[in-house]
Amino acid sequence: MTDLTRAQDLLATTILADGHNDLPWALRLKAGPNPVEAVAGVDLTVPQPTLHTDFPKLAEGKLGLQFWSVYVPCQFEGDSAVTAVLEQIEVVHQLAERYPDRLRLVTTADEAEAAFADGRIASLLGAEGGHSIAESLGVLRILRRLGVRYMTLTHNFNTTWADSGTDKPEHNGLTEFGRDVVREMNRIGMLVDLSHVAPSTMRTALEVSSAPVIFSHSSCRAVNDHPRNIPDDVLAQLPGNGGVAMVTFVPAFISAAVTEWDNQLEAAMKAAGQEFLNLGERGRFAESWDGPPKPTATVEDVVAHIEHAREIAGIDHIGLGGDYDGVGALPDGLEDVSKYPVLIAALMERGWSDEDCAKLAGRNTLRVLREVDAKQ
């Protein structure tokens with residue numbers, strides 16, 4: 001039996017959970033903000049060459065559980081951010097209604113396992129960016145009632161209450177309101193997602209949180225020194241907290257060569273008076289930039305981050321968060337959601353047991369869901 005066949009067999013009986021997929025925003029970009037039109041505008045039952053995610057690819061990748069990102073760019077502020085996040089939540093609800101034989105909306109680990117047993121992809125929601133609550137704990141509670149299971153405290157820019165890893169520090173991590181947000185998330189059973197935030201925010205949130213935290217899509221700073229990655233001292237706190245770091249596949253985060261290319265792009269954008277952290281501006285600028293060709297990342301880059309996270313945090317505190325449809329390109333060998341078995345096979349080739357691969361694939365994520373619910 002090849003390692004790939006062994007990986008496919010494992011994922012046929014073990015839930016593969018991914019912490020972050022931006023398909024809802026990709027659909028919005030194609031067809032506009034109306035959730036009905038956004039979902040109706042693309043037939044996901046047939047291959048979609050311009051998307052990383054469709055149902056043929058998902059079937060091949062053997063995905064069992066997906067946190068769909070209900071992402072809102074930082075350019076949306078106040079009421080407009082709240083409106084946008086509600087629209088994105090509705091996109092996921094529309095997807096589940098349009099494809100009931102493929103997807104099932106769930107909110108708990110037990111419901112996820114039941115959906116998997118019925119041949120459905122267990123679908124949960126994750127809000128990316130604390131600006132989407134417009135400084136309102138009431139809005140936070142509403143998002144939870146609508147099924148949102150995690151919130152990323154920031155995106156690329158600081159909020160008024162939390163520091164982002166890619167912005168200039170303002171709050172020494174979390175303000176007192178930011179601490180209240182974490183406490184309220186604990187109380188209502190919403191996972192505290194520390195991807196995107198500054199190390200100071202990570203450390204403060206870990207001090208405040210009485211429940212396990214997650215990193216929905218981050219990798220290891222010791223392997224590649226990118227501000228979106230997790231420092232070792234924070235990884236080392238996860239066993240005590242009970243949380244899980246979901247290693248991401250984003251080339252700029254995992255590959256030093258791609259990070260350097262990004263740094264050159266940022267310098268060129270700054271010289272042209274444009275904002276690198278604005279993802280729309282960045283994409284448009286990169287298309288016409290006459291800089292060097294962009295390097296590619298590899299499966300081996302991802303493996304290096306997974307093995308480092310395992311070494312520091314332990315096998316019970318790691319998972320996967322690909323960020324498919326949230327970036328332009330993924331590593332060679334992990335180009336779309338059909339490729340998860342390739343990654344698991346690469347780990348098996350390096351001596352990982354089926355049990356350890358199962359923990360990485362989804363068991364750790366399901367455990368965190370259960371522990372957070374038990375603390376309500």
# chains A, B, ... in the order shown; residues from 1 in each chain; ligands from 1

call {"tool": "closest_atom_pairs", "arguments": {"of": "segment 163-236 of chain A", "to": "segment 106-122 of chain A", "cutoff": "12 Å", "atoms": "only C-alpha atoms", "output": "Markdown table"}}
result
| residue | atom | partner | partner_atom | distance |
| --- | --- | --- | --- | --- |
| A:Gly189 | CA | A:Thr108 | CA | 10.3 |
| A:Met190 | CA | A:Thr107 | CA | 10.3 |
| A:Leu191 | CA | A:Thr107 | CA | 11.5 |

call {"tool": "select_by_dssp", "arguments": {"residues": "segment 44-260 of chain A", "states": "strand (DSSP E or B)", "output": "JSON list (two decimals) with N, CA, C and O atoms, in the first residue's frame"}}
result
[["chain", "number", "residue", "atom", "x", "y", "z"],
["A", 65, "LEU", "N", -14.87, 18.36, 7.58],
["A", 65, "LEU", "CA", -15.37, 19.50, 8.37],
["A", 65, "LEU", "C", -14.68, 20.75, 7.88],
["A", 65, "LEU", "O", -13.45, 20.76, 7.75],
["A", 66, "GLN", "N", -15.45, 21.80, 7.63],
["A", 66, "GLN", "CA", -14.87, 23.06, 7.18],
["A", 66, "GLN", "C", -15.40, 24.22, 8.00],
["A", 66, "GLN", "O", -16.62, 24.37, 8.17],
["A", 67, "PHE", "N", -14.50, 25.02, 8.53],
["A", 67, "PHE", "CA", -14.87, 26.34, 9.04],
["A", 67, "PHE", "C", -14.84, 27.29, 7.84],
["A", 67, "PHE", "O", -13.77, 27.62, 7.32],
["A", 68, "TRP", "N", -16.03, 27.68, 7.36],
["A", 68, "TRP", "CA", -16.11, 28.63, 6.26],
["A", 68, "TRP", "C", -15.90, 30.03, 6.83],
["A", 68, "TRP", "O", -16.60, 30.45, 7.76],
["A", 69, "SER", "N", -14.97, 30.77, 6.27],
["A", 69, "SER", "CA", -14.69, 32.12, 6.75],
["A", 69, "SER", "C", -15.76, 33.09, 6.29],
["A", 69, "SER", "O", -16.05, 33.18, 5.09],
["A", 103, "LEU", "N", -23.43, 19.51, 1.91],
["A", 103, "LEU", "CA", -23.06, 20.30, 3.09],
["A", 103, "LEU", "C", -24.16, 20.20, 4.15],
["A", 103, "LEU", "O", -25.34, 20.09, 3.83],
["A", 104, "ARG", "N", -23.75, 20.29, 5.41],
["A", 104, "ARG", "CA", -24.71, 20.41, 6.50],
["A", 104, "ARG", "C", -24.17, 21.40, 7.52],
["A", 104, "ARG", "O", -23.05, 21.24, 8.02],
["A", 105, "LEU", "N", -24.95, 22.44, 7.80],
["A", 105, "LEU", "CA", -24.56, 23.40, 8.82],
["A", 105, "LEU", "C", -24.65, 22.74, 10.19],
["A", 105, "LEU", "O", -25.66, 22.12, 10.53],
["A", 121, "ILE", "N", -20.33, 17.26, 4.36],
["A", 121, "ILE", "CA", -19.26, 18.06, 4.94],
["A", 121, "ILE", "C", -19.85, 18.91, 6.06],
["A", 121, "ILE", "O", -20.74, 19.74, 5.81],
["A", 122, "ALA", "N", -19.40, 18.68, 7.27],
["A", 122, "ALA", "CA", -19.85, 19.47, 8.41],
["A", 122, "ALA", "C", -19.37, 20.90, 8.23],
["A", 122, "ALA", "O", -18.17, 21.14, 8.11],
["A", 123, "SER", "N", -20.30, 21.84, 8.24],
["A", 123, "SER", "CA", -19.98, 23.23, 7.90],
["A", 123, "SER", "C", -20.22, 24.13, 9.09],
["A", 123, "SER", "O", -21.34, 24.22, 9.61],
["A", 124, "LEU", "N", -19.14, 24.78, 9.53],
["A", 124, "LEU", "CA", -19.21, 25.75, 10.61],
["A", 124, "LEU", "C", -18.76, 27.11, 10.08],
["A", 124, "LEU", "O", -18.19, 27.20, 9.00],
["A", 125, "LEU", "N", -19.03, 28.15, 10.84],
["A", 125, "LEU", "CA", -18.69, 29.50, 10.40],
["A", 125, "LEU", "C", -17.64, 30.10, 11.32],
["A", 125, "LEU", "O", -17.67, 29.89, 12.54],
["A", 126, "GLY", "N", -16.71, 30.86, 10.71],
["A", 126, "GLY", "CA", -15.71, 31.59, 11.46],
["A", 126, "GLY", "C", -15.65, 33.03, 10.97],
["A", 126, "GLY", "O", -15.47, 33.27, 9.78],
["A", 127, "ALA", "N", -15.83, 33.98, 11.87],
["A", 127, "ALA", "CA", -15.78, 35.40, 11.50],
["A", 127, "ALA", "C", -14.33, 35.86, 11.54],
["A", 127, "ALA", "O", -13.67, 35.74, 12.57],
["A", 128, "GLU", "N", -13.84, 36.39, 10.42],
["A", 128, "GLU", "CA", -12.44, 36.80, 10.33],
["A", 128, "GLU", "C", -12.35, 38.32, 10.46],
["A", 128, "GLU", "O", -12.61, 39.05, 9.52],
["A", 148, "VAL", "N", -21.97, 31.31, 14.29],
["A", 148, "VAL", "CA", -20.54, 31.59, 14.16],
["A", 148, "VAL", "C", -19.81, 30.97, 15.36],
["A", 148, "VAL", "O", -20.11, 31.30, 16.51],
["A", 149, "ARG", "N", -18.84, 30.09, 15.09],
["A", 149, "ARG", "CA", -18.17, 29.38, 16.16],
["A", 149, "ARG", "C", -16.82, 29.96, 16.54],
["A", 149, "ARG", "O", -16.29, 29.66, 17.60],
["A", 150, "TYR", "N", -16.21, 30.74, 15.67],
["A", 150, "TYR", "CA", -15.00, 31.45, 16.11],
["A", 150, "TYR", "C", -14.98, 32.86, 15.55],
["A", 150, "TYR", "O", -15.66, 33.16, 14.56],
["A", 151, "MET", "N", -14.21, 33.72, 16.21],
["A", 151, "MET", "CA", -13.93, 35.04, 15.66],
["A", 151, "MET", "C", -12.43, 35.30, 15.77],
["A", 151, "MET", "O", -11.83, 35.13, 16.84],
["A", 152, "THR", "N", -11.84, 35.69, 14.65],
["A", 152, "THR", "CA", -10.45, 36.12, 14.61],
["A", 152, "THR", "C", -10.42, 37.55, 15.16],
["A", 152, "THR", "O", -11.12, 38.42, 14.64],
["A", 162, "ALA", "N", -7.70, 45.66, 19.81],
["A", 162, "ALA", "CA", -6.73, 44.57, 19.70],
["A", 162, "ALA", "C", -5.69, 44.89, 18.65],
["A", 162, "ALA", "O", -6.01, 45.47, 17.60],
["A", 164, "SER", "N", -3.08, 43.96, 15.71],
["A", 164, "SER", "CA", -2.85, 43.00, 14.64],
["A", 164, "SER", "C", -1.35, 42.75, 14.49],
["A", 164, "SER", "O", -0.53, 43.63, 14.77],
["A", 174, "LEU", "N", -4.27, 43.75, 24.07],
["A", 174, "LEU", "CA", -5.70, 43.97, 24.18],
["A", 174, "LEU", "C", -6.00, 45.11, 25.15],
["A", 174, "LEU", "O", -5.37, 45.21, 26.21],
["A", 191, "LEU", "N", -15.09, 30.26, 19.90],
["A", 191, "LEU", "CA", -13.66, 30.05, 19.94],
["A", 191, "LEU", "C", -12.91, 31.36, 19.69],
["A", 191, "LEU", "O", -13.24, 32.10, 18.76],
["A", 192, "VAL", "N", -11.92, 31.62, 20.50],
["A", 192, "VAL", "CA", -11.05, 32.79, 20.33],
["A", 192, "VAL", "C", -9.96, 32.42, 19.33],
["A", 192, "VAL", "O", -9.13, 31.54, 19.59],
["A", 193, "ASP", "N", -9.99, 33.07, 18.15],
["A", 193, "ASP", "CA", -9.03, 32.77, 17.08],
["A", 193, "ASP", "C", -7.92, 33.81, 17.10],
["A", 193, "ASP", "O", -8.18, 35.00, 16.94],
["A", 197, "VAL", "N", -3.28, 38.11, 14.82],
["A", 197, "VAL", "CA", -3.03, 39.09, 15.88],
["A", 197, "VAL", "C", -1.55, 39.17, 16.22],
["A", 197, "VAL", "O", -0.76, 38.28, 15.90],
["A", 214, "ILE", "N", -7.80, 28.92, 19.46],
["A", 214, "ILE", "CA", -7.31, 28.34, 18.22],
["A", 214, "ILE", "C", -6.50, 29.37, 17.45],
["A", 214, "ILE", "O", -6.63, 30.58, 17.68],
["A", 215, "PHE", "N", -5.69, 28.88, 16.56],
["A", 215, "PHE", "CA", -5.13, 29.66, 15.45],
["A", 215, "PHE", "C", -5.71, 29.01, 14.20],
["A", 215, "PHE", "O", -5.35, 27.89, 13.86],
["A", 220, "CYS", "N", 4.58, 28.72, 11.77],
["A", 220, "CYS", "CA", 5.55, 28.85, 12.86],
["A", 220, "CYS", "C", 6.60, 29.92, 12.56],
["A", 220, "CYS", "O", 7.32, 29.84, 11.55],
["A", 230, "ILE", "N", 3.31, 32.08, 14.43],
["A", 230, "ILE", "CA", 3.21, 31.98, 15.89],
["A", 230, "ILE", "C", 4.60, 31.81, 16.50],
["A", 230, "ILE", "O", 5.34, 30.88, 16.14],
["A", 244, "VAL", "N", -5.38, 24.73, 19.92],
["A", 244, "VAL", "CA", -4.82, 24.07, 18.75],
["A", 244, "VAL", "C", -4.35, 25.12, 17.73],
["A", 244, "VAL", "O", -5.04, 26.11, 17.50],
["A", 245, "ALA", "N", -3.17, 24.89, 17.19],
["A", 245, "ALA", "CA", -2.61, 25.73, 16.13],
["A", 245, "ALA", "C", -2.83, 25.02, 14.80],
["A", 245, "ALA", "O", -2.27, 23.95, 14.58],
["A", 246, "MET", "N", -3.65, 25.61, 13.93],
["A", 246, "MET", "CA", -3.95, 25.02, 12.63],
["A", 246, "MET", "C", -2.96, 25.60, 11.62],
["A", 246, "MET", "O", -3.05, 26.77, 11.23],
["A", 247, "VAL", "N", -2.03, 24.75, 11.20],
["A", 247, "VAL", "CA", -0.95, 25.19, 10.32],
["A", 247, "VAL", "C", -1.53, 25.52, 8.95],
["A", 247, "VAL", "O", -2.31, 24.75, 8.37]]

call {"tool": "closest_residue", "arguments": {"among": "A:Ile133, A:Val42, A:Ala211, A:Ile315", "to": "Trp352 of chain A", "atoms": "only C-alpha atoms"}}
result
A:Ile315

call {"tool": "closest_residue", "arguments": {"among": "A:Thr365, A:Thr159, A:Asp3, A:Arg98", "to": "Gly351 of chain A", "atoms": "only C-alpha atoms"}}
result
A:Asp3

call {"tool": "residues_around", "arguments": {"residues": "segment 302-305 of chain A", "least_positions_apart": "4", "cutoff": "10 Å", "atoms": "only C-alpha atoms", "output": "list in words"}}
result
Ser218, Ser219, Cys220, Arg221, Ala222, Val223, Asn224, Asn229, Val247, Thr248, Phe249, Val250, Pro251, Phe253, Ile254, Ser255, Ala297, Thr298, Ala309, Arg310, Glu311, Gly322, Pro331, Leu334, Leu343, Ile344, Ala346, Leu347 and Arg350 of chain A

call {"tool": "closest_residue", "arguments": {"among": "A:His20, A:His52, A:Arg187, A:Arg6", "to": "Glu335 of chain A", "atoms": "only C-alpha atoms"}}
result
A:His52

call {"tool": "residues_around", "arguments": {"residues": "segment 135-145 of chain A", "least_positions_apart": "6", "cutoff": "9 Å", "atoms": "only C-alpha atoms", "output": "mmCIF file with N, CA and C atoms, in the first residue's frame"}}
result
data_model
loop_
_atom_site.group_PDB
_atom_site.id
_atom_site.type_symbol
_atom_site.label_atom_id
_atom_site.label_comp_id
_atom_site.auth_asym_id
_atom_site.auth_seq_id
_atom_site.Cartn_x
_atom_site.Cartn_y
_atom_site.Cartn_z
ATOM 1 N N GLY A 78 -17.570 49.929 11.199
ATOM 2 C CA GLY A 78 -18.835 50.267 11.841
ATOM 3 C C GLY A 78 -20.001 49.463 11.295
ATOM 4 N N VAL A 82 -20.733 45.300 10.019
ATOM 5 C CA VAL A 82 -21.765 44.405 10.548
ATOM 6 C C VAL A 82 -22.647 43.898 9.409
ATOM 7 N N VAL A 85 -20.700 41.262 7.357
ATOM 8 C CA VAL A 85 -20.533 39.942 7.987
ATOM 9 C C VAL A 85 -21.856 39.185 7.993
ATOM 10 N N LEU A 86 -22.965 39.884 8.161
ATOM 11 C CA LEU A 86 -24.267 39.217 8.098
ATOM 12 C C LEU A 86 -24.531 38.685 6.691
ATOM 13 N N ILE A 89 -22.466 35.521 6.329
ATOM 14 C CA ILE A 89 -23.101 34.407 7.036
ATOM 15 C C ILE A 89 -24.220 33.829 6.173
ATOM 16 N N ALA A 127 -15.828 33.980 11.868
ATOM 17 C CA ALA A 127 -15.779 35.399 11.499
ATOM 18 C C ALA A 127 -14.329 35.864 11.537
ATOM 19 N N MET A 151 -14.210 33.722 16.210
ATOM 20 C CA MET A 151 -13.927 35.038 15.656
ATOM 21 C C MET A 151 -12.433 35.303 15.772
ATOM 22 N N THR A 159 -7.807 46.575 15.448
ATOM 23 C CA THR A 159 -9.116 47.107 15.807
ATOM 24 C C THR A 159 -8.893 48.180 16.869
ATOM 25 N N THR A 160 -9.969 48.782 17.335
ATOM 26 C CA THR A 160 -9.837 49.781 18.406
ATOM 27 C C THR A 160 -9.497 49.128 19.733
ATOM 28 N N TRP A 161 -9.495 47.775 19.754
ATOM 29 C CA TRP A 161 -9.313 47.074 21.037
ATOM 30 C C TRP A 161 -8.304 45.943 20.986
ATOM 31 N N PHE A 177 -11.533 46.569 26.946
ATOM 32 C CA PHE A 177 -12.674 46.077 26.175
ATOM 33 C C PHE A 177 -12.295 44.808 25.420
ATOM 34 N N ASP A 180 -12.629 42.052 27.632
ATOM 35 C CA ASP A 180 -14.047 41.733 27.800
ATOM 36 C C ASP A 180 -14.570 40.909 26.622
ATOM 37 N N VAL A 181 -14.076 41.217 25.414
ATOM 38 C CA VAL A 181 -14.480 40.436 24.248
ATOM 39 C C VAL A 181 -14.085 38.974 24.426
ATOM 40 N N GLU A 184 -16.287 37.333 27.013
ATOM 41 C CA GLU A 184 -17.635 37.084 26.512
ATOM 42 C C GLU A 184 -17.645 35.940 25.510
ATOM 43 N N MET A 185 -16.599 35.852 24.679
ATOM 44 C CA MET A 185 -16.493 34.725 23.760
ATOM 45 C C MET A 185 -16.422 33.411 24.535
ATOM 46 N N ILE A 188 -20.029 32.569 25.878
ATOM 47 C CA ILE A 188 -21.058 32.142 24.921
ATOM 48 C C ILE A 188 -20.594 30.973 24.051
ATOM 49 N N GLY A 189 -19.373 30.496 24.285
ATOM 50 C CA GLY A 189 -18.903 29.338 23.543
ATOM 51 C C GLY A 189 -18.415 29.653 22.151
ATOM 52 N N MET A 190 -17.813 30.822 21.973
ATOM 53 C CA MET A 190 -17.210 31.165 20.685
ATOM 54 C C MET A 190 -15.702 31.014 20.812
#

call {"tool": "residues_around", "arguments": {"residues": "Val342 of chain A", "least_positions_apart": "2", "cutoff": "10 Å", "atoms": "only C-alpha atoms", "output": "number ranges by chain"}}
result
A: 3-5, 7-8, 61, 299, 333-334, 338-340, 344-348

call {"tool": "closest_residue", "arguments": {"among": "A:Ala38, A:Ala272, A:Val327, A:Leu44", "to": "His93 of chain A", "atoms": "only C-alpha atoms"}}
result
A:Ala38

call {"tool": "closest_residue", "arguments": {"among": "A:Gly243, A:Asp336, A:Gln88, A:Phe285", "to": "Phe55 of chain A", "atoms": "only C-alpha atoms"}}
result
A:Asp336

call {"tool": "closest_residue", "arguments": {"among": "A:Ile318, A:Met1, A:Val258, A:Ala26", "to": "Leu366 of chain A", "atoms": "only C-alpha atoms"}}
result
A:Ile318
